[in-house]
Each structure stands twice: as C-alpha cells, then as structure tokens.
Amino acid sequence: MRRAETWSELRLCPSPAVSVAVSPQVSVLSLLVDAVAARRRGLPERWRRRILESVGAEGRQSCRPIGEPGHSVAPDTIVPLPPVADASVESQIASLLDMRPDALLDDMEQTYGPERVPEHWRWAADRPRRWLNGYASAVSDVWSAVRPLWERAQPLLDREVERVGTAVVRGTLDTLLGTLSERIRFAGGSPSHERPGARAV
C-alpha cells in the first residue's frame with residue numbers, strides 16, 4: 001500500500017536574496033558532531049577515528065553538549081561568525097578565544113530563555129571561559145586533521161559557487177533549490193520539507 005506523505009511548507013515572501021559563502025567552519029562543526037559528540041551523520045569510520053584521535057580531552061568535554069541525544073537546539077556561539085560571507089576557520093577560532101564569557105551566557109539565555117539552560121549545557125554555563133577555550137581547541141584540532149582534504153576539494157567548491165551563480169543569473173533558482181535534498185521540494189517560490197516519521201498509511 002502506498003503511504004501518504006506529510007510535508008511542512010514554508011512560504012517565502014518576497015523571495016530571499018541568495019548569496020554563496022564558503023565557510024569550512026560549518027563542515028568542521030558537522031565533523032565534530034559526528035566524531036566527537038557521537039551523533040552519527042554518515043562520516044566514514046576511518047575519518048571518524050582520525051578526527052576523534054586528534055581532539056584533546058578538553059575539546060571532547062566542550063563538544064559533549066552539542067551531541068546530546070534528543071536535543072537539536074544549540075547556542076549560536078558554536079558558529080561564532082554567521083556564514084554570510086567567506087570566513088576562515090582561523091577567524092572562527094580567534095572569535096571564540098576573544099569572546100567574553102558573558103557573551104556566551106547571553107547567547108544561552110537568548111537560546112533557551114532566562115534560567116532555562118538545559119542540564120547538558122550546565123557545565124559550559126558554569127565554566128564559560130573554559131568551554132570557549134576547549135571548543136576553540138577542538139575546532140583547531142579537527143581543522144588540522146581535515147584541512148588538506150578541504151584544500152584538495154577547492155576546485156569542487158569553486159564549481160559549486162559557479163553553479164549557484166549561474167542559476168541566479170538565469171532565473172533557475174527554483175530548480176537549484178529543489179536539488180538540496182530528496183526530502184525538500186521547491187515549487188512556486190515555496191520550499192516544503194518532508195517530516196520524518198510523520199507518514200500515515
């Protein structure tokens with residue numbers, strides 16, 4: 001029997017401006033979540049071991065709250081510079097090290113509400129400077145391990161930037177956005193997203 005699909009729809013009015021930013025920190029975060037925080041996202045086992053072995057104890061401690069099962073919301077501080085323009089990992093690390101501990105606490109309050117920091121983030125809230133230093137160390141360790149691979153992939157990244165630019169210029173952005181994921185459909189200016197586990201027979 002064919003299953004009925006359940007979708008969430010987001011209407012974008014007016015259509016958003018689209019730009020492309022190359023920010024390896026977003027990839028570093030995904031690697032940390034998979035390998036160090038143990039929320040599997042399909043990273044090959046040999047890379048998982050390599051990354052895990054490269055991160056020191058302080059970095060592992062700081063990454064633990066990011067992988068807490070059943071919790072997907074995290075403070076914006078985990079990517080301190082929004083990926084709206086090209087940003088190096090080194091600049092992200094510097095931002096973490098320069099950040100005031102109070103800024104992390106303010107971020108947590110904005111994310112979770114006053115006096116509502118979840119238990120798995122309590123360690124970081126009680127030791128904000130230590131968490132920032134440890135997380136910056138983890139990011140640095142992972143980047144050292146994967147930077148050669150990222151640099152080899154630069155021609156592919158350049159090609160993707162060109163592909164997106166061409167789609168914007170030619171007015172075929174709908175088609176491009178429709179290729180983001182098999183769970184996302186984009187039509188008539190609105191993306192809709194299939195909700196896993198929300199199917200009815």
# chains A, B, ... in the order shown; residues from 1 in each chain; ligands from 1

$ residues_around --residues "Arg127 (chain A)" --least-positions-apart "5" --cutoff "10 Å" --atoms "only C-alpha atoms" --output "MDAnalysis selection string"
chainID A and resid 101 105 122 132

$ residues_around --residues "Ile93 (chain A)" --least-positions-apart "3" --cutoff "7 Å" --atoms "only C-alpha atoms" --output "PyMOL selection string"
chain A and resi 89-90+96-97+136+140

$ closest_residue --among "A:Glu160, A:Asp98, A:Glu151, A:Asp86" --to "Ser23 (chain A)" --atoms "only C-alpha atoms"
A:Asp86

$ select_by_dssp --residues "region 48-188 of chain A" --states "strand (DSSP E)" --output "ChimeraX atom specification"
/A:184-187

$ closest_atom_pairs --of "region 93-153 of chain A" --to "region 43-55 of chain A" --cutoff "10 Å" --atoms "only C-alpha atoms" --output "Markdown table"
| residue | atom | partner | partner_atom | distance |
| --- | --- | --- | --- | --- |
| A:Gly134 | CA | A:Val55 | CA | 9.9 |
| A:Tyr135 | CA | A:Val55 | CA | 10.0 |
| A:Ser137 | CA | A:Val55 | CA | 7.8 |
| A:Ala138 | CA | A:Val55 | CA | 5.5 |
| A:Val139 | CA | A:Val55 | CA | 8.4 |
| A:Ser140 | CA | A:Val55 | CA | 8.6 |
| A:Asp141 | CA | A:Val55 | CA | 5.4 |
| A:Val142 | CA | A:Ile51 | CA | 5.9 |
| A:Trp143 | CA | A:Ile51 | CA | 9.1 |
| A:Ser144 | CA | A:Ser54 | CA | 8.4 |
| A:Ala145 | CA | A:Ile51 | CA | 6.5 |
| A:Val146 | CA | A:Ile51 | CA | 8.1 |

$ write_last_selection --atoms "N, CA and C atoms" --output "mmCIF file, in the first residue's frame"
data_model
loop_
_atom_site.group_PDB
_atom_site.id
_atom_site.type_symbol
_atom_site.label_atom_id
_atom_site.label_comp_id
_atom_site.auth_asym_id
_atom_site.auth_seq_id
_atom_site.Cartn_x
_atom_site.Cartn_y
_atom_site.Cartn_z
ATOM 1 N N GLY A 134 38.064 25.348 25.318
ATOM 2 C CA GLY A 134 38.046 23.936 24.940
ATOM 3 C C GLY A 134 37.430 23.714 23.572
ATOM 4 N N TYR A 135 36.342 24.435 23.290
ATOM 5 C CA TYR A 135 35.697 24.279 21.988
ATOM 6 C C TYR A 135 36.593 24.819 20.883
ATOM 7 N N SER A 137 39.779 24.830 20.938
ATOM 8 C CA SER A 137 40.826 23.821 20.783
ATOM 9 C C SER A 137 40.342 22.658 19.928
ATOM 10 N N ALA A 138 39.097 22.223 20.150
ATOM 11 C CA ALA A 138 38.543 21.112 19.361
ATOM 12 C C ALA A 138 38.434 21.493 17.888
ATOM 13 N N VAL A 139 37.956 22.708 17.622
ATOM 14 C CA VAL A 139 37.842 23.183 16.239
ATOM 15 C C VAL A 139 39.215 23.214 15.582
ATOM 16 N N SER A 140 40.204 23.718 16.306
ATOM 17 C CA SER A 140 41.563 23.783 15.770
ATOM 18 C C SER A 140 42.117 22.388 15.483
ATOM 19 N N ASP A 141 41.889 21.458 16.393
ATOM 20 C CA ASP A 141 42.390 20.091 16.210
ATOM 21 C C ASP A 141 41.759 19.422 14.988
ATOM 22 N N VAL A 142 40.456 19.592 14.841
ATOM 23 C CA VAL A 142 39.768 18.977 13.697
ATOM 24 C C VAL A 142 40.228 19.618 12.397
ATOM 25 N N TRP A 143 40.369 20.934 12.376
ATOM 26 C CA TRP A 143 40.797 21.619 11.162
ATOM 27 C C TRP A 143 42.194 21.165 10.749
ATOM 28 N N SER A 144 43.072 20.964 11.705
ATOM 29 C CA SER A 144 44.416 20.479 11.386
ATOM 30 C C SER A 144 44.352 19.111 10.715
ATOM 31 N N ALA A 145 43.386 18.295 11.131
ATOM 32 C CA ALA A 145 43.268 16.939 10.583
ATOM 33 C C ALA A 145 42.658 16.927 9.183
ATOM 34 N N VAL A 146 41.721 17.844 8.907
ATOM 35 C CA VAL A 146 40.982 17.764 7.640
ATOM 36 C C VAL A 146 41.344 18.856 6.643
#

$ atom_distance --atom1 "CA of Asp174 (chain A)" --atom2 "CA of Arg159 (chain A)"
18.9 Å

$ atom_distance --atom1 "CA of Trp123 (chain A)" --atom2 "CA of Asp107 (chain A)"
15.0 Å
